[in-house]
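J.: First, the structure itself, so that you have it in front of you.
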Amino acid sequence: MKNPFKNILIAPLNWGLGHATRCIPIIKELEKNGWNPIIASDGAALSLLKKEFPHLLALELPSYNIEYSEKARNLKWKLLKNSPKTMMAVWNEKKTVSNWVSKYNLCGIISDNRMGVYSKKIPSVYITHQLTVLSGKTTWLTTAIHRFFIENFTECWIPDMKDSVNLTGILGHIKNTTLKLQYIGILSRFEKQNLPKKYDLMVVLSGPEPQRTMLEEKLINELQHYKSNAIFIKGKVEMEQKIEVVNNITYYNFMQTEQLERTFNESEIVLCRSGYTSIMDIAKLNKKAFFIPTSGQYEQKYLAKRNKKFGFSPYCKLNNFTIGKLEEVNLYKGFQNVQFPNINWQALFSIFEKQ
């Protein structure tokens, strides 16, 4: 019988699928260590986690109503324009979570970038890799706002290493802070397997609309000129899995963790966005990759540039991509010799014992 005094709420932001997918290993480890995870999110993120964990209680939180623009130069201003809606959602989720603490007898909270999902009554953890939020000339402002919200949490977990060998650079490393930071290591739901190669190229799409669809359309058009075996995962979480084979390319609307892990291990090169969760997955699996940063996302452009600088992987803008650019991957070392320490889950979860 489950212990009713070990309920942990885990709530990822619904912005693409990265926040939700990197919570999957946390949910699994909570269960392994005797805790009872309760899932909370909205939209595609909630749908994905409900498919992964149909046996767990799943709750819906107010949407942040994050809207993307087609043009990069309009993104920052669109996000600023929508900020009152976002702040209202943060306020509403804070009230919702306050009720849930007693209703579901919560003894802890883990929030992945949901700024209102915390309680002063129980240990509340915030997960982020962006202690510095890049936004061009307004970086100082977006960073200050983010850190203001992080201060409300008992502890902040950064999915990276603290030392000089790390994946986030200036995003996840700051000096002279009062924030209670814990560098927990690389957070990925996948494990490396030695499987025979099945695909020369694996395309994995993610991110909010309309940018995801723009990337899908561009890559489908370019892959008409690709002669080797490829698998294309569109990142569209729908009721049923759909498979379509066109010549040498196999298309999926989505895959769940076990199938996706196997496909990663069977693929030689990965083509995807330079979102941080994708980078962690590729690094954990020691793969080679080509990145296409989301237009207007300073964070993804920074990470793509940083990986190129250190010789890990090439990148380019969406409009500049052609299938021939994949040949550049052979000039980079990839993440094939990068090793990461295991996460000490028992030590991390001990924060919830301190009530």
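How things are named: the first chain in the structure tokens is A, the next is B, and so on; residues count from 1 in each chain; ligands count from 1 in the order shown.
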Pull the strand (DSSP E) assignments for range 269-329 of chain A out of DSSP run on the backbone, and list those residues as a PyMOL selection string.
T.: chain A and resi 269-272+288-291
J.: With a distance cut-off of 7 Å and only C-alpha atoms, select the neighbouring residues of Ile186 in chain A, excluding the residue or stretch itself and same-chain residues fewer than 6 positions from it, and output the selection as a tab-separated table (two decimals) with N, CA and C atoms, in the first residue's frame.
T.:
chain	number	residue	atom	x	y	z
A	159	PRO	N	20.24	21.04	-13.89
A	159	PRO	CA	20.64	19.78	-14.52
A	159	PRO	C	21.91	19.95	-15.34
A	160	ASP	N	23.03	19.99	-14.64
A	160	ASP	CA	24.34	20.19	-15.26
A	160	ASP	C	25.40	19.93	-14.20
A	280	MET	N	21.19	17.43	-23.74
A	280	MET	CA	21.50	16.47	-22.67
A	280	MET	C	21.31	15.04	-23.14
A	340	PHE	N	29.55	11.32	-17.90
A	340	PHE	CA	28.93	12.10	-16.85
A	340	PHE	C	28.70	11.23	-15.61
J.: May I ask which of the residues A:Gly34, A:Gly43, A:Gly108, A:Pro4 is the closest one to Pro208 in chain A, counting only C-alpha atoms?
T.: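 Residue with the minimum atom-to-atom distance to Pro208 in chain A: A:Gly43.
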J.: Compare A:Thr250, A:Gln211, A:Glu191, A:Tyr315 by their minimum atom-to-atom distance to Ser295 in chain A, counting only C-alpha atoms, and give me the closest one.
T.: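 Of A:Thr250, A:Gln211, A:Glu191, A:Tyr315, the one nearest Ser295 in chain A, counting only C-alpha atoms, is A:Gln211.
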J.: Enumerate, in order of chain and increasing residue number, the residues of range 223-298 of chain A with an atom no farther than 12 Å from range 132-144 of chain A, each with its shortest atom pair and distance in Å to one decimal, counting only C-alpha atoms, as a tab-separated table.
T.:
residue	atom	partner	partner_atom	distance
A:Gly296	CA	A:Ser135	CA	8.8
A:Gln297	CA	A:Ser135	CA	7.8
A:Tyr298	CA	A:Leu134	CA	5.6
J.: Let me see the file: selected residues, all heavy atoms, as a PDB file, in the first residue's frame.
T.:
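Generated output (selection32.pdb):
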ATOM      1  N   GLY A 296      14.796  33.288 -32.836  1.00  0.00           N
ATOM      2  CA  GLY A 296      14.422  34.194 -31.768  1.00  0.00           C
ATOM      3  C   GLY A 296      14.731  33.698 -30.376  1.00  0.00           C
ATOM      4  O   GLY A 296      14.598  34.452 -29.406  1.00  0.00           O
ATOM      5  N   GLN A 297      15.139  32.433 -30.245  1.00  0.00           N
ATOM      6  CA  GLN A 297      15.477  31.904 -28.915  1.00  0.00           C
ATOM      7  C   GLN A 297      16.971  32.052 -28.683  1.00  0.00           C
ATOM      8  O   GLN A 297      17.784  31.251 -29.162  1.00  0.00           O
ATOM      9  CB  GLN A 297      15.042  30.436 -28.779  1.00  0.00           C
ATOM     10  CG  GLN A 297      13.691  30.310 -28.107  1.00  0.00           C
ATOM     11  CD  GLN A 297      13.449  28.920 -27.539  1.00  0.00           C
ATOM     12  OE1 GLN A 297      12.649  28.175 -28.081  1.00  0.00           O
ATOM     13  NE2 GLN A 297      14.112  28.566 -26.472  1.00  0.00           N
ATOM     14  N   TYR A 298      17.329  33.091 -27.912  1.00  0.00           N
ATOM     15  CA  TYR A 298      18.732  33.394 -27.654  1.00  0.00           C
ATOM     16  C   TYR A 298      19.448  32.224 -26.989  1.00  0.00           C
ATOM     17  O   TYR A 298      20.611  31.961 -27.254  1.00  0.00           O
ATOM     18  CB  TYR A 298      18.844  34.640 -26.765  1.00  0.00           C
ATOM     19  CG  TYR A 298      18.435  35.924 -27.441  1.00  0.00           C
ATOM     20  CD1 TYR A 298      17.106  36.330 -27.470  1.00  0.00           C
ATOM     21  CD2 TYR A 298      19.386  36.740 -28.052  1.00  0.00           C
ATOM     22  CE1 TYR A 298      16.726  37.514 -28.081  1.00  0.00           C
ATOM     23  CE2 TYR A 298      19.020  37.935 -28.666  1.00  0.00           C
ATOM     24  CZ  TYR A 298      17.687  38.312 -28.682  1.00  0.00           C
ATOM     25  OH  TYR A 298      17.327  39.487 -29.294  1.00  0.00           O
TER      26      TYR A 298
END
J.: May I have the residues within 10 Å of range 219-229 of chain A as number ranges by chain, using only C-alpha atoms and disregarding those fewer than 4 positions away in the same chain?
T.: A: 198-203, 205, 213-215, 246-251, 267, 271, 318, 321-324
J.: Just write the chosen residues, N, CA, C and O atoms, as a compact mmCIF listing (two decimals), in the first residue's frame.
T.:
# COMPACT_ATOMS: atom_id res chain seq x y z
N LYS A 198 20.66 1.20 -37.59
CA LYS A 198 19.50 0.98 -38.44
C LYS A 198 19.19 2.20 -39.32
O LYS A 198 18.72 2.07 -40.43
N TYR A 199 19.51 3.39 -38.76
CA TYR A 199 19.23 4.63 -39.47
C TYR A 199 20.50 5.49 -39.57
O TYR A 199 21.22 5.64 -38.59
N ASP A 200 20.73 6.04 -40.74
CA ASP A 200 21.84 6.98 -40.91
C ASP A 200 21.50 8.34 -40.31
O ASP A 200 22.38 9.05 -39.84
N LEU A 201 20.21 8.66 -40.31
CA LEU A 201 19.78 9.97 -39.80
C LEU A 201 18.49 9.82 -39.00
O LEU A 201 17.56 9.13 -39.41
N MET A 202 18.46 10.49 -37.85
CA MET A 202 17.26 10.56 -37.02
C MET A 202 16.88 12.04 -36.87
O MET A 202 17.68 12.84 -36.40
N VAL A 203 15.68 12.39 -37.28
CA VAL A 203 15.17 13.75 -37.13
C VAL A 203 14.18 13.77 -35.97
O VAL A 203 13.25 12.96 -35.94
N LEU A 205 11.74 16.45 -33.89
CA LEU A 205 11.19 17.80 -33.81
C LEU A 205 10.62 18.05 -32.42
O LEU A 205 10.14 17.15 -31.74
N THR A 213 6.08 23.45 -36.82
CA THR A 213 5.56 23.14 -38.16
C THR A 213 6.46 23.71 -39.25
O THR A 213 6.68 23.05 -40.29
N MET A 214 7.01 24.90 -39.03
CA MET A 214 7.92 25.49 -40.02
C MET A 214 9.14 24.62 -40.22
O MET A 214 9.60 24.41 -41.35
N LEU A 215 9.67 24.08 -39.12
CA LEU A 215 10.83 23.19 -39.20
C LEU A 215 10.45 21.88 -39.91
O LEU A 215 11.20 21.38 -40.76
N VAL A 246 7.79 6.70 -46.56
CA VAL A 246 7.89 7.31 -47.89
C VAL A 246 9.31 7.07 -48.40
O VAL A 246 10.27 7.67 -47.89
N ASN A 247 9.43 6.16 -49.35
CA ASN A 247 10.74 5.78 -49.90
C ASN A 247 11.66 5.31 -48.78
O ASN A 247 11.37 4.31 -48.13
N ASN A 248 12.74 6.02 -48.51
CA ASN A 248 13.72 5.60 -47.51
C ASN A 248 13.52 6.26 -46.15
O ASN A 248 14.37 6.15 -45.27
N ILE A 249 12.40 6.95 -45.97
CA ILE A 249 12.17 7.69 -44.72
C ILE A 249 10.92 7.16 -44.02
O ILE A 249 9.86 7.02 -44.63
N THR A 250 11.05 6.88 -42.71
CA THR A 250 9.93 6.44 -41.89
C THR A 250 9.51 7.59 -40.98
O THR A 250 10.32 8.13 -40.23
N TYR A 251 8.22 7.97 -41.05
CA TYR A 251 7.70 9.09 -40.27
C TYR A 251 6.84 8.59 -39.11
O TYR A 251 6.01 7.70 -39.29
N SER A 267 20.59 5.01 -34.35
CA SER A 267 20.82 6.06 -35.34
C SER A 267 22.24 6.62 -35.24
O SER A 267 22.81 6.71 -34.15
N LEU A 271 19.40 15.04 -36.04
CA LEU A 271 19.11 16.39 -36.50
C LEU A 271 17.94 16.92 -35.69
O LEU A 271 16.85 16.35 -35.69
N LEU A 318 17.49 27.95 -39.75
CA LEU A 318 16.54 27.16 -40.52
C LEU A 318 16.57 27.52 -42.01
O LEU A 318 16.63 26.64 -42.87
N PHE A 321 19.47 26.00 -44.00
CA PHE A 321 19.72 24.56 -43.98
C PHE A 321 19.44 23.91 -45.33
O PHE A 321 18.41 24.13 -45.96
N THR A 322 20.38 23.08 -45.75
CA THR A 322 20.18 22.17 -46.87
C THR A 322 20.67 20.81 -46.43
O THR A 322 21.48 20.70 -45.49
N ILE A 323 20.21 19.77 -47.08
CA ILE A 323 20.58 18.42 -46.65
C ILE A 323 22.08 18.18 -46.77
O ILE A 323 22.67 17.38 -46.03
N GLY A 324 22.71 18.92 -47.67
CA GLY A 324 24.16 18.78 -47.84
C GLY A 324 24.95 19.22 -46.63
O GLY A 324 26.10 18.79 -46.44
J.: Please provide as a PyMOL selection string all residues within 7 Å of Ile292 in chain A, with the sequence filter that same-chain residues fewer than 4 positions apart are discarded (counting only C-alpha atoms).
T.: chain A and resi 272-274+315-318
J.: List as a list in words the protein and nucleic acid residues near Ile39 in chain A, meaning an atom at most 7 Å away when only C-alpha atoms are counted, but skip any in the same chain fewer than 3 places from it.
T.: Leu9, Ile10, Ala11, Leu57, Ala58 and Leu59 of chain A
J.: Hey, what's within 9 Å of Met239 in chain A if we count only C-alpha atoms and toss same-chain stuff fewer than 2 positions away? As a count of residues only, please?
T.: 3
J.: If you count only C-alpha atoms, which residues fall within 12 Å of Leu331 in chain A, apart from same-chain ones fewer than 3 positions away, as an mmCIF file with C-alpha atoms, in the first residue's frame?
T.:
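Result file follows (part36.cif):
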data_model
loop_
_atom_site.group_PDB
_atom_site.id
_atom_site.type_symbol
_atom_site.label_atom_id
_atom_site.label_comp_id
_atom_site.auth_asym_id
_atom_site.auth_seq_id
_atom_site.Cartn_x
_atom_site.Cartn_y
_atom_site.Cartn_z
ATOM 1 C CA LYS A 288 26.803 13.148 -33.220
ATOM 2 C CA ALA A 289 24.313 15.870 -34.092
ATOM 3 C CA PHE A 290 23.400 18.805 -36.299
ATOM 4 C CA LYS A 308 30.351 24.367 -32.231
ATOM 5 C CA GLY A 311 34.004 20.987 -31.481
ATOM 6 C CA PHE A 312 30.944 18.953 -30.554
ATOM 7 C CA SER A 313 28.518 19.742 -33.375
ATOM 8 C CA PRO A 314 27.704 22.134 -36.256
ATOM 9 C CA LYS A 325 25.071 20.568 -44.607
ATOM 10 C CA LEU A 326 24.849 17.241 -42.770
ATOM 11 C CA GLU A 327 28.263 16.423 -44.249
ATOM 12 C CA GLU A 328 29.708 18.959 -41.781
ATOM 13 C CA GLY A 334 30.357 14.797 -31.316
#
J.: Pick out each residue of range 294-346 of chain A that DSSP on the backbone tags as helix (DSSP H, G or I); I need them as a list in words.
T.: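 Here are the helix (DSSP H, G or I) residues of range 294-346 of chain A: Tyr298, Glu299, Gln300, Lys301, Tyr302, Leu303, Ala304, Lys305, Arg306, Asn307, Lys308, Lys309, Leu318, Asn319, Asn320, Ile323, Gly324, Lys325, Leu326, Glu327, Glu328, Val329, Asn330, Leu331, Trp345 and Gln346 of chain A.
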J.: Using only C-alpha atoms, which of A:Glu155, A:Asp281, A:Glu60, A:Glu216 sits nearest Ile110 in chain A?
T.: A:Glu155
J.: Of the candidates A:Arg114, A:Lys95, A:Lys236, A:Arg22, which one gets nearest to Tyr64 in chain A if we count only C-alpha atoms?
T.: A:Arg114
J.: State, in Å with one decimal place, the distance from CA of Phe254 in chain A to CA of Gly275 in chain A.
T.: 17.5 Å
J.: So, counting only C-alpha atoms, which residue among A:Tyr302, A:His146, A:Val90, A:Leu17 is closest to Ser278 in chain A?
T.: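 Closest residue, counting only C-alpha atoms: A:Leu17.
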